[in-house]
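Structure first, commentary second.
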Amino acid sequence: MQVKKKLLDLVRDKIRFKHYSYSTERTYVHWIKHYILFHHKKHPIEMGKTEIESYLTKLATKDKVSPTTQNQAFSAILFLYKEVLGVDMSKWDIQALRAQERKHIPVVLTKDEVTIVLQSIPAEYSLLVYLMYGCGLRMSEVLNLRIKDIDFGFDKIYIWDSKSLKDRTIPLPQKLKAKLLEKVEVTSLLHEQDLKDGYGCVYIPYALGKKNPNSKYDIKWQYLFPMKNISTDPRSKERRRHHVMPQTLGRNIKNSAKKAKLNKRITSHIFRHSYATHLLQAGIDLRSIQELLGHKSVETTMIYTHVVSEMNKAKVISPLDF
């Protein structure tokens, strides 16, 4: 007799079938569970437009979540109804009170400030941060780099299945080429030792693992920035070496910012903002920057024109200084 799966297990299965990341899986499951508990464990198939609107309104008014958080919850609910339950939501026209969205101009670092922070980063994490600034990479993109993604022959870095599953290439910074070659060598030696110790496999995306079972042991598929220790995969329960954890890199960036004594809120994303702004200041056109950043729309990239505009305002002399 086949046991009927629980709803959240069906959600997890669908997320994995669509190749979403583990972090997305955890986030979606969290919000779907929260939505169900808010309505006293009523099954979602028995709920609809009214229940979704009341839940989203509650997030905005009572919980006072940010627009990003509310949109995240809404995306999880949309996924539940459309992908898992197969419900057509096109006629629902959901009208909920939305969290007020504020347009913030990104904080950026000057080139000198970037240098100061980079000099403060511990050696084992410095190349990661150099790539975030030198290539405008998101933290997730730099952490997910595999050895095969660095093309030393054509001086390119390949970014696969980035945000919105959009692939792109980025020029390999010449100043980092020697360091990257050295990193590949170090990672290769670590992989050889893992194989001797009975490990050496890595997570392989999509159906490639089934088509070629041995690919997970191939050096080219190994993460360029592996963790120090072998860990257990939360999905497959397989023991293997994953990439450096986002929390680890984020913590080191935060500590380095304190050490640098810069009075700016420095996160991993500030290097991507600084990359785009410095390219714009150097005269690179907006469309090229859009492609390098992997933005869907040029309107997203245009925020950096406002950053440069604000910088130009700083050059205006106050009447007190006349």
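Within each chain, counting starts at residue 1; across the structure tokens, chains are named A, B, ... in the order shown, with ligands numbered 1 upward in that order.
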Go through stretch 34-76 of chain A and flag each residue having an atom no more than 9 Å from stretch 83-89 of chain A; for those, report the closest pair of atoms plus their distance in Å to one decimal, using only C-alpha atoms, ordered by chain and rising number, as a tab-separated table.
```
residue	atom	partner	partner_atom	distance
A:Pro44	CA	A:Leu85	CA	8.5
A:Ile45	CA	A:Leu85	CA	7.2
A:Gly48	CA	A:Met89	CA	8.7
A:Lys49	CA	A:Met89	CA	8.4
```
Minimum-distance residue to A:Lys237, chosen among A:His39, A:Thr61, A:Tyr203, A:Ile77 (using only C-alpha atoms):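 The shortest atom-to-atom distance to A:Lys237 comes from A:Tyr203.
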Residues near A:Gly294, anyone? I mean within 12 Å using only C-alpha atoms, not counting same-chain ones fewer than 3 positions away, as a list in words.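 Final neighbour list, sorted by chain and number: Cys135, Gly136, Leu137, Arg138, Glu141, Tyr158, Ile159, Trp160, Asp161, Ser162, Lys163, Ser164, Leu165, Lys166, Asp167, Arg168, Thr169, Ile170, Arg272, Ala276, Arg287, Ser288, Ile289, Gln290, Glu291, Ser297, Val298, Thr300 and Thr301 of chain A.
Residue neighbourhood of A:Met245, excluding near-sequence residues (fewer than 6 positions): A:Leu143, A:Pro226, A:Met227, at 9 Å, using only C-alpha atoms.
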Selected residues written out, C-alpha atoms, as a CSV table (one decimal), in the first residue's frame:
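The result, written out as selection.csv:
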```
chain,number,residue,atom,x,y,z
A,143,LEU,CA,30.7,30.4,-3.8
A,226,PRO,CA,35.7,24.1,-0.8
A,227,MET,CA,34.9,23.9,2.9
```
If DSSP is run on the backbone, what residues of stretch 60-261 of chain A are strand (DSSP E)? A reply as a ChimeraX atom specification would be ideal. /A:150-151,156-159,168-171,231-232,239-240
Could you write out, as a PyMOL selection string, all the residues of stretch 88-133 of chain A that DSSP marks as helix (DSSP H, G or I)? chain A and resi 111-120+123-133
Residue subset to file, keeping N, CA and C atoms, as a PDB file, in the first residue's frame:
```pdb
ATOM      1  N   LYS A 111      37.647  53.318  -4.347  1.00  0.00           N
ATOM      2  CA  LYS A 111      38.688  52.332  -4.659  1.00  0.00           C
ATOM      3  C   LYS A 111      39.659  52.170  -3.490  1.00  0.00           C
ATOM      4  N   ASP A 112      39.950  53.279  -2.822  1.00  0.00           N
ATOM      5  CA  ASP A 112      40.851  53.214  -1.666  1.00  0.00           C
ATOM      6  C   ASP A 112      40.217  52.412  -0.529  1.00  0.00           C
ATOM      7  N   GLU A 113      38.911  52.608  -0.323  1.00  0.00           N
ATOM      8  CA  GLU A 113      38.217  51.876   0.741  1.00  0.00           C
ATOM      9  C   GLU A 113      38.148  50.386   0.424  1.00  0.00           C
ATOM     10  N   VAL A 114      37.949  50.060  -0.859  1.00  0.00           N
ATOM     11  CA  VAL A 114      37.953  48.650  -1.266  1.00  0.00           C
ATOM     12  C   VAL A 114      39.299  48.023  -0.926  1.00  0.00           C
ATOM     13  N   THR A 115      40.369  48.739  -1.230  1.00  0.00           N
ATOM     14  CA  THR A 115      41.724  48.246  -0.955  1.00  0.00           C
ATOM     15  C   THR A 115      41.925  48.009   0.531  1.00  0.00           C
ATOM     16  N   ILE A 116      41.455  48.932   1.351  1.00  0.00           N
ATOM     17  CA  ILE A 116      41.605  48.819   2.812  1.00  0.00           C
ATOM     18  C   ILE A 116      40.895  47.572   3.331  1.00  0.00           C
ATOM     19  N   VAL A 117      39.661  47.338   2.850  1.00  0.00           N
ATOM     20  CA  VAL A 117      38.898  46.159   3.300  1.00  0.00           C
ATOM     21  C   VAL A 117      39.563  44.879   2.820  1.00  0.00           C
ATOM     22  N   LEU A 118      39.988  44.861   1.557  1.00  0.00           N
ATOM     23  CA  LEU A 118      40.625  43.661   1.009  1.00  0.00           C
ATOM     24  C   LEU A 118      41.903  43.303   1.773  1.00  0.00           C
ATOM     25  N   GLN A 119      42.611  44.305   2.221  1.00  0.00           N
ATOM     26  CA  GLN A 119      43.835  44.062   2.983  1.00  0.00           C
ATOM     27  C   GLN A 119      43.548  43.491   4.377  1.00  0.00           C
ATOM     28  N   SER A 120      42.306  43.674   4.843  1.00  0.00           N
ATOM     29  CA  SER A 120      41.922  43.207   6.172  1.00  0.00           C
ATOM     30  C   SER A 120      41.300  41.809   6.165  1.00  0.00           C
ATOM     31  N   ALA A 123      43.554  35.655   4.661  1.00  0.00           N
ATOM     32  CA  ALA A 123      44.105  35.165   3.402  1.00  0.00           C
ATOM     33  C   ALA A 123      43.238  34.107   2.720  1.00  0.00           C
ATOM     34  N   GLU A 124      42.639  33.187   3.522  1.00  0.00           N
ATOM     35  CA  GLU A 124      41.873  32.092   2.912  1.00  0.00           C
ATOM     36  C   GLU A 124      40.561  32.539   2.272  1.00  0.00           C
ATOM     37  N   TYR A 125      40.138  33.806   2.573  1.00  0.00           N
ATOM     38  CA  TYR A 125      38.884  34.313   2.008  1.00  0.00           C
ATOM     39  C   TYR A 125      39.104  35.520   1.087  1.00  0.00           C
ATOM     40  N   SER A 126      40.333  35.976   0.976  1.00  0.00           N
ATOM     41  CA  SER A 126      40.592  37.205   0.214  1.00  0.00           C
ATOM     42  C   SER A 126      40.273  37.052  -1.274  1.00  0.00           C
ATOM     43  N   LEU A 127      40.590  35.890  -1.868  1.00  0.00           N
ATOM     44  CA  LEU A 127      40.339  35.699  -3.299  1.00  0.00           C
ATOM     45  C   LEU A 127      38.838  35.725  -3.601  1.00  0.00           C
ATOM     46  N   LEU A 128      38.033  35.214  -2.690  1.00  0.00           N
ATOM     47  CA  LEU A 128      36.574  35.269  -2.842  1.00  0.00           C
ATOM     48  C   LEU A 128      36.089  36.710  -2.954  1.00  0.00           C
ATOM     49  N   VAL A 129      36.595  37.567  -2.074  1.00  0.00           N
ATOM     50  CA  VAL A 129      36.161  38.963  -2.048  1.00  0.00           C
ATOM     51  C   VAL A 129      36.743  39.723  -3.237  1.00  0.00           C
ATOM     52  N   TYR A 130      37.975  39.393  -3.616  1.00  0.00           N
ATOM     53  CA  TYR A 130      38.570  40.007  -4.807  1.00  0.00           C
ATOM     54  C   TYR A 130      37.703  39.727  -6.037  1.00  0.00           C
ATOM     55  N   LEU A 131      37.166  38.505  -6.142  1.00  0.00           N
ATOM     56  CA  LEU A 131      36.313  38.143  -7.276  1.00  0.00           C
ATOM     57  C   LEU A 131      34.970  38.865  -7.222  1.00  0.00           C
ATOM     58  N   MET A 132      34.434  39.052  -6.019  1.00  0.00           N
ATOM     59  CA  MET A 132      33.160  39.764  -5.902  1.00  0.00           C
ATOM     60  C   MET A 132      33.302  41.202  -6.388  1.00  0.00           C
ATOM     61  N   TYR A 133      34.423  41.824  -6.035  1.00  0.00           N
ATOM     62  CA  TYR A 133      34.641  43.208  -6.491  1.00  0.00           C
ATOM     63  C   TYR A 133      35.137  43.244  -7.929  1.00  0.00           C
TER      64      TYR A 133
END
```
